[in-house]
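J.: Input input29.cif, format and content: mmCIF, C-alpha atoms (C1' of nucleotides).
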```cif
data_structure
loop_
_atom_site.label_atom_id
_atom_site.label_comp_id
_atom_site.auth_asym_id
_atom_site.auth_seq_id
_atom_site.Cartn_x
_atom_site.Cartn_y
_atom_site.Cartn_z
CA MET A 1 8.86 -12.49 -11.96
CA ALA A 2 9.64 -13.43 -8.39
CA ILE A 3 8.98 -10.21 -6.58
CA HIS A 4 9.79 -9.43 -2.98
CA LYS A 5 12.77 -11.48 -1.95
CA LYS A 6 12.60 -10.48 1.67
CA GLU A 7 13.07 -14.10 2.65
CA ALA A 8 16.55 -13.95 1.21
CA PHE A 9 17.71 -11.73 4.06
CA SER A 10 18.52 -12.52 7.65
CA GLN A 11 15.96 -12.69 10.40
CA LYS A 12 17.33 -9.62 12.11
CA GLU A 13 17.44 -7.62 8.92
CA GLN A 14 13.82 -8.46 8.29
CA GLU A 15 12.85 -7.54 11.84
CA LEU A 16 14.54 -4.18 11.71
CA ALA A 17 13.00 -3.47 8.34
CA ALA A 18 9.55 -4.40 9.62
CA PHE A 19 9.99 -2.08 12.58
CA ALA A 20 11.06 0.76 10.34
CA LYS A 21 8.24 0.04 7.98
CA ALA A 22 5.70 0.36 10.77
CA MET A 23 6.92 3.90 11.29
CA SER A 24 7.30 4.78 7.65
CA HIS A 25 4.10 6.78 7.35
CA PRO A 26 3.49 10.22 8.86
CA ALA A 27 0.04 9.15 10.05
CA ARG A 28 1.56 6.37 12.10
CA ILE A 29 4.22 8.67 13.49
CA ALA A 30 1.43 11.03 14.48
CA ILE A 31 -0.50 8.23 16.13
CA LEU A 32 2.54 7.15 18.11
CA LYS A 33 3.08 10.73 19.18
CA VAL A 34 -0.48 11.04 20.44
CA LEU A 35 -0.23 7.77 22.30
CA ALA A 36 3.09 8.78 23.81
CA GLN A 37 1.74 12.08 25.05
CA ARG A 38 -1.15 10.64 27.02
CA ASN A 39 -0.91 8.73 30.21
CA GLU A 40 -4.22 7.10 29.69
CA CYS A 41 -5.00 5.08 26.62
CA ILE A 42 -6.65 6.63 23.61
CA CYS A 43 -9.26 5.23 21.29
CA GLY A 44 -11.28 7.21 18.79
CA GLU A 45 -9.82 10.50 19.88
CA ILE A 46 -7.06 9.70 17.46
CA VAL A 47 -9.53 9.86 14.62
CA ASP A 48 -10.49 13.40 15.62
CA LEU A 49 -6.86 14.44 15.73
CA LEU A 50 -5.87 13.04 12.36
CA PRO A 51 -6.93 14.27 8.91
CA LEU A 52 -8.04 10.81 7.90
CA ALA A 53 -11.23 8.79 7.80
CA GLN A 54 -12.05 6.49 10.69
CA SER A 55 -11.50 3.37 8.65
CA THR A 56 -8.08 4.56 7.56
CA VAL A 57 -6.99 5.33 11.11
CA SER A 58 -8.22 1.93 12.20
CA GLN A 59 -6.08 0.37 9.51
CA HIS A 60 -2.99 2.25 10.64
CA LEU A 61 -3.65 1.21 14.22
CA LYS A 62 -3.88 -2.37 13.10
CA GLU A 63 -0.53 -2.14 11.36
CA LEU A 64 1.12 -0.65 14.41
CA LYS A 65 -0.37 -3.39 16.54
CA THR A 66 0.69 -6.15 14.17
CA ALA A 67 4.21 -4.77 14.22
CA GLY A 68 4.10 -4.90 18.00
CA LEU A 69 4.64 -1.19 18.51
CA ILE A 70 1.36 -0.67 20.32
CA ASP A 71 -0.94 -2.72 22.52
CA GLY A 72 -4.71 -2.62 22.31
CA THR A 73 -7.46 -3.78 24.58
CA ILE A 74 -11.19 -3.73 24.01
CA ASP A 75 -13.01 -1.65 26.59
CA GLY A 76 -16.69 -2.03 26.01
CA PRO A 77 -17.67 -0.63 22.65
CA ARG A 78 -14.40 1.25 22.37
CA SER A 79 -10.76 0.26 21.91
CA CYS A 80 -7.90 1.42 24.02
CA TYR A 81 -4.40 1.66 22.63
CA CYS A 82 -1.05 2.48 24.09
CA ILE A 83 2.59 2.28 23.18
CA ASN A 84 4.51 -0.92 23.77
CA TRP A 85 7.58 0.64 25.30
CA LYS A 86 9.42 -2.64 25.56
CA ALA A 87 9.25 -3.25 21.84
CA PHE A 88 10.36 0.31 21.26
CA GLU A 89 13.37 -0.02 23.48
CA LYS A 90 14.29 -3.28 21.87
CA PHE A 91 14.31 -1.93 18.34
CA MET A 92 15.86 1.40 19.15
CA GLY A 93 18.56 -0.48 20.97
CA GLU A 94 19.19 -2.72 18.02
CA PHE A 95 19.50 0.20 15.69
CA SER A 96 21.84 1.99 18.02
CA PHE A 97 23.89 -1.15 18.40
CA LEU A 98 24.03 -1.76 14.70
CA PHE A 99 25.11 1.72 13.77
CA ASN A 100 26.51 3.50 16.77
CA LYS A 101 28.88 0.73 17.69
CA LEU A 102 30.33 0.71 14.23
CA LYS A 103 30.41 4.44 14.06
CA VAL A 104 33.35 4.70 16.45
CA GLN A 105 35.83 3.10 14.13
CA ASN A 106 34.43 4.84 11.09
CA GLU A 107 34.34 8.37 12.39
CA LYS A 108 36.56 9.49 9.55
CA ALA A 109 33.94 9.66 6.83
CA CYS A 110 35.34 8.64 3.50
CA CYS A 111 33.06 10.16 0.88
CA MET B 1 -9.90 9.86 -4.87
CA ALA B 2 -7.22 11.94 -3.21
CA ILE B 3 -4.72 9.32 -2.15
CA HIS B 4 -1.65 9.87 -0.02
CA LYS B 5 -2.29 12.75 2.27
CA LYS B 6 1.23 13.00 3.57
CA GLU B 7 1.10 16.75 3.07
CA ALA B 8 -1.53 16.93 5.75
CA PHE B 9 1.03 16.09 8.43
CA SER B 10 3.74 18.18 10.02
CA GLN B 11 7.18 18.65 8.54
CA LYS B 12 8.82 16.69 11.32
CA GLU B 13 6.37 13.85 11.07
CA GLN B 14 7.06 13.61 7.38
CA GLU B 15 10.80 13.70 7.94
CA LEU B 16 10.77 10.95 10.51
CA ALA B 17 8.51 8.85 8.31
CA ALA B 18 10.81 9.34 5.34
CA PHE B 19 13.80 8.31 7.42
CA ALA B 20 12.01 5.18 8.60
CA LYS B 21 10.86 4.43 5.10
CA ALA B 22 14.41 4.50 3.81
CA MET B 23 15.19 1.71 6.24
CA SER B 24 11.97 -0.21 5.72
CA HIS B 25 13.41 -2.86 3.43
CA PRO B 26 15.79 -5.66 4.47
CA ALA B 27 17.97 -5.05 1.43
CA ARG B 28 18.56 -1.47 2.51
CA ILE B 29 19.28 -2.56 6.07
CA ALA B 30 21.80 -5.00 4.66
CA ILE B 31 23.40 -2.29 2.54
CA LEU B 32 23.72 0.01 5.52
CA LYS B 33 25.28 -2.81 7.50
CA VAL B 34 27.88 -3.45 4.82
CA LEU B 35 28.70 0.22 4.56
CA ALA B 36 28.97 0.53 8.31
CA GLN B 37 31.36 -2.38 8.58
CA ARG B 38 33.94 -1.02 6.16
CA ASN B 39 36.26 1.82 6.73
CA GLU B 40 36.69 2.41 3.08
CA CYS B 41 33.80 3.09 0.77
CA ILE B 42 32.12 0.32 -1.12
CA CYS B 43 30.76 0.26 -4.62
CA GLY B 44 29.77 -2.82 -6.58
CA GLU B 45 30.95 -5.16 -3.88
CA ILE B 46 27.52 -4.64 -2.44
CA VAL B 47 26.00 -6.24 -5.47
CA ASP B 48 28.08 -9.37 -4.88
CA LEU B 49 26.99 -9.52 -1.26
CA LEU B 50 23.27 -9.14 -1.88
CA PRO B 51 20.92 -11.64 -3.48
CA LEU B 52 19.64 -9.03 -5.91
CA ALA B 53 20.33 -7.91 -9.44
CA GLN B 54 22.69 -5.00 -10.03
CA SER B 55 19.95 -2.72 -11.19
CA THR B 56 17.91 -3.43 -8.09
CA VAL B 57 20.81 -2.72 -5.77
CA SER B 58 21.49 0.50 -7.63
CA GLN B 59 17.89 1.48 -7.10
CA HIS B 60 18.10 0.82 -3.36
CA LEU B 61 21.32 2.83 -3.16
CA LYS B 62 19.60 5.69 -4.87
CA GLU B 63 16.78 5.63 -2.35
CA LEU B 64 19.21 5.64 0.56
CA LYS B 65 21.06 8.54 -1.00
CA THR B 66 17.91 10.51 -1.70
CA ALA B 67 16.89 10.02 1.91
CA GLY B 68 20.27 11.38 2.96
CA LEU B 69 21.37 8.25 4.81
CA ILE B 70 24.39 7.67 2.62
CA ASP B 71 26.79 9.77 0.60
CA GLY B 72 28.12 8.79 -2.78
CA THR B 73 30.96 10.01 -4.91
CA ILE B 74 31.91 8.95 -8.39
CA ASP B 75 35.40 7.49 -8.58
CA GLY B 76 36.19 6.84 -12.18
CA PRO B 77 33.84 4.29 -13.63
CA ARG B 78 32.80 3.15 -10.18
CA SER B 79 30.77 4.68 -7.39
CA CYS B 80 31.80 4.94 -3.81
CA TYR B 81 29.24 5.03 -1.04
CA CYS B 82 29.42 5.49 2.66
CA ILE B 83 27.13 6.16 5.55
CA ASN B 84 26.18 9.71 6.41
CA TRP B 85 26.71 9.46 10.14
CA LYS B 86 25.46 12.95 10.80
CA ALA B 87 22.07 12.23 9.30
CA PHE B 88 21.92 9.03 11.25
CA GLU B 89 22.64 10.71 14.53
CA LYS B 90 20.12 13.38 13.77
CA PHE B 91 17.28 11.00 13.12
CA MET B 92 18.12 8.53 15.82
CA GLY B 93 18.26 11.44 18.20
CA GLU B 94 14.88 12.69 17.11
CA PHE B 95 13.32 9.31 17.60
CA SER B 96 14.88 8.95 20.99
CA PHE B 97 13.73 12.40 21.92
CA LEU B 98 10.23 11.80 20.69
CA PHE B 99 9.76 8.54 22.51
CA ASN B 100 12.30 8.21 25.26
CA LYS B 101 11.55 11.57 26.74
CA LEU B 102 7.89 10.80 26.95
CA LYS B 103 8.53 7.33 28.19
CA VAL B 104 9.57 8.53 31.63
CA GLN B 105 6.16 9.84 32.58
CA ASN B 106 4.37 6.94 30.96
CA GLU B 107 6.33 4.07 32.45
CA LYS B 108 3.16 2.67 33.89
CA ALA B 109 1.79 1.01 30.78
CA CYS B 110 -1.97 1.22 30.69
CA CYS B 111 -3.12 -1.55 28.36
"C1'" DA C 1 39.58 4.52 -31.75
"C1'" DT C 2 37.86 0.39 -29.74
"C1'" DA C 3 36.98 -2.62 -26.27
"C1'" DT C 4 36.08 -3.53 -21.24
"C1'" DA C 5 34.31 -2.79 -16.81
"C1'" DT C 6 31.22 -0.49 -13.73
"C1'" DT C 7 27.13 1.85 -12.60
"C1'" DA C 8 22.76 4.44 -13.62
"C1'" DT C 9 18.51 4.65 -15.88
"C1'" DC C 10 14.46 3.06 -18.58
"C1'" DG C 11 10.67 0.11 -19.39
"C1'" DT C 12 7.70 -3.16 -17.62
"C1'" DA C 13 5.26 -6.67 -14.73
"C1'" DT C 14 3.59 -7.62 -10.35
"C1'" DA C 15 2.87 -6.84 -5.39
"C1'" DT C 16 1.82 -3.82 -1.77
"C1'" DT C 17 0.12 0.37 0.34
"C1'" DT C 18 -3.08 4.02 0.99
"C1'" DG C 19 -7.51 5.77 1.35
"C1'" DC C 20 -12.43 5.92 1.51
"C1'" DG C 21 -17.28 4.56 1.84
"C1'" DA C 22 -20.25 0.98 3.19
"C1'" DT C 23 -21.25 -2.43 6.21
"C1'" DA C 24 -20.80 -5.51 10.09
"C1'" DA C 25 -20.04 -6.33 14.96
"C1'" DA C 26 -20.43 -5.32 19.85
"C1'" DG C 27 -21.79 -3.02 23.75
"C1'" DG C 28 -24.38 0.74 26.19
"C1'" DA C 29 -28.52 3.56 26.75
"C1'" DT C 30 -33.49 4.43 26.60
"C1'" DA D 1 -36.20 -4.85 22.03
"C1'" DT D 2 -34.65 -0.81 19.64
"C1'" DC D 3 -31.57 2.83 18.93
"C1'" DC D 4 -26.99 4.88 19.23
"C1'" DT D 5 -22.09 5.01 19.55
"C1'" DT D 6 -17.78 3.12 18.56
"C1'" DT D 7 -14.62 0.35 16.07
"C1'" DA D 8 -13.24 -3.35 12.78
"C1'" DT D 9 -13.54 -5.28 8.35
"C1'" DC D 10 -14.67 -5.64 3.34
"C1'" DG D 11 -14.42 -4.11 -1.31
"C1'" DC D 12 -12.57 -1.26 -4.41
"C1'" DA D 13 -9.67 2.46 -6.91
"C1'" DA D 14 -5.44 4.61 -7.34
"C1'" DA D 15 -0.63 5.33 -6.09
"C1'" DT D 16 3.98 3.23 -4.80
"C1'" DA D 17 7.32 -0.07 -4.33
"C1'" DT D 18 9.98 -4.07 -5.83
"C1'" DA D 19 12.45 -6.55 -9.11
"C1'" DC D 20 14.55 -7.64 -13.37
"C1'" DG D 21 16.50 -7.34 -18.10
"C1'" DA D 22 18.03 -4.25 -21.46
"C1'" DT D 23 20.30 -0.33 -22.51
"C1'" DA D 24 22.78 3.99 -21.87
"C1'" DA D 25 26.52 6.47 -19.79
"C1'" DT D 26 31.18 6.97 -18.03
"C1'" DA D 27 35.89 6.19 -17.48
"C1'" DT D 28 39.87 3.13 -17.92
"C1'" DA D 29 42.74 0.08 -20.64
"C1'" DT D 30 44.62 -1.72 -24.97
#
```
I need this file expressed as structure tokens, please.

T.:
Amino acid sequence: MAIHKKEAFSQKEQELAAFAKAMSHPARIAILKVLAQRNECICGEIVDLLPLAQSTVSQHLKELKTAGLIDGTIDGPRSCYCINWKAFEKFMGEFSFLFNKLKVQNEKACC
Amino acid sequence: MAIHKKEAFSQKEQELAAFAKAMSHPARIAILKVLAQRNECICGEIVDLLPLAQSTVSQHLKELKTAGLIDGTIDGPRSCYCINWKAFEKFMGEFSFLFNKLKVQNEKACC
DNA sequence: ATATATTATCGTATATTTGCGATAAAGGAT
DNA sequence: ATCCTTTATCGCAAATATACGATAATATAT
């Protein structure tokens, strides 16, 4: 049983899906919120703010980083993360383009 | 082992995550694109356009509907779907609010 | 009433995600 | 050098998601 046919879709569709997937868990939304609210970068403070174990938070951070939504630098024994605003703008823009542009002509909902 | 602690997060965090999750698969992105491009509602045409079995497409449609991103009405033996633009605007707005608003003060990336 | 067409649901196999504890790795402090 | 702090990774258990075929459900057509 050939499961997961993601390859069968277009590059852009996969990219948008990956972006959405990175934000598809409340813990990751919460992490992004914390990072967005601080001017300086955060590291293990996130662990204290979330109701999850350190290893779990680290895993979520890794996923966000892999997806390109956050940047991380090692600062001595601790890690410093912050939001990658450029990536955010890019994806939000693509979503807006994809759906807002088309919305104009479709304003008259059919269902 | 108490897995999935979504309940431990705020209502809004869960809502945003659920919205993102509904769009976290390329097939569902593709479905939304098709629905957005047509003025009239679509039904099984989607199945012909996607590289997936009918039952799988139906499952994806159900997820999109449950998440509130699309509306569906039964029209005889066929089903008619279309995008719920209001829900879309709501969520896109919340994301923009959450991240764009904060972006201003954080323009100076730290990492 | 019977067939046909369309869509939803069920059952099932497999893949992925989530979460934690334990452990490793890396640097700072004494 | 030895501890201590911080973070990443590994290994594992359990929950979800993905996909399909088969079947049920529904309405139209003959």

J.: With a distance threshold of 7 Å and counting only C-alpha atoms, extract the residues of chain B near chain A and express them as a ChimeraX atom specification.

T.: /B:6,8-9,13-14,17-18,20-21,23-26,29-30,36-37,39-41,51,71-73,81-82,99,102,106,110-111

J.: My list of candidates is D:DC3, D:DA15, D:DC10, D:DA29. Which is closest to chain B when distances are computed with only C-alpha atoms (C1' of nucleotides)?

T.: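 Residue with the minimum atom-to-atom distance to chain B: D:DA15.
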
J.: Could you expand the PyMOL selection byres ((chain B) within 10 of (chain D)) into the explicit residues it covers here, written as a PyMOL selection string?

T.: chain B and resi 1-4+25+52-57+59-60+74-78

J.: Hey, which bits of chain C sit within 12 Å of chain B, and for each residue what's the closest pair of atoms and how far apart in Å (one decimal), counting all atoms listed in the file, rows by chain and increasing number, as JSON lines?

T.:
```
{"residue": "C:DT4", "atom": "C1'", "partner": "B:Pro77", "partner_atom": "CA", "distance": 11.1}
{"residue": "C:DA5", "atom": "C1'", "partner": "B:Pro77", "partner_atom": "CA", "distance": 7.8}
{"residue": "C:DT6", "atom": "C1'", "partner": "B:Arg78", "partner_atom": "CA", "distance": 5.3}
{"residue": "C:DT7", "atom": "C1'", "partner": "B:Arg78", "partner_atom": "CA", "distance": 6.3}
{"residue": "C:DA8", "atom": "C1'", "partner": "B:Ser58", "partner_atom": "CA", "distance": 7.3}
{"residue": "C:DT9", "atom": "C1'", "partner": "B:Ser55", "partner_atom": "CA", "distance": 8.9}
{"residue": "C:DC10", "atom": "C1'", "partner": "B:Ser55", "partner_atom": "CA", "distance": 10.9}
{"residue": "C:DT17", "atom": "C1'", "partner": "B:His4", "partner_atom": "CA", "distance": 9.7}
{"residue": "C:DT18", "atom": "C1'", "partner": "B:His4", "partner_atom": "CA", "distance": 6.1}
{"residue": "C:DG19", "atom": "C1'", "partner": "B:Ile3", "partner_atom": "CA", "distance": 5.7}
{"residue": "C:DC20", "atom": "C1'", "partner": "B:Met1", "partner_atom": "CA", "distance": 7.9}
{"residue": "C:DG21", "atom": "C1'", "partner": "B:Met1", "partner_atom": "CA", "distance": 11.3}
```

J.: Calculate how many Å separate CA of Gly93 in chain B from CA of Leu69 in chain B, rounding to one decimal.

T.: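 CA of Leu69 in chain B lies 14.1 Å from CA of Gly93 in chain B.
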
J.: Using Å and a single decimal, report how far CA of Val34 in chain B sits from CA of Leu64 in chain B.

T.: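 Those two atoms sit 13.3 Å apart.
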
J.: Calculate how many Å separate CA of Lys65 in chain A from CA of Ile42 in chain A, rounding to one decimal.

T.: 13.8 Å
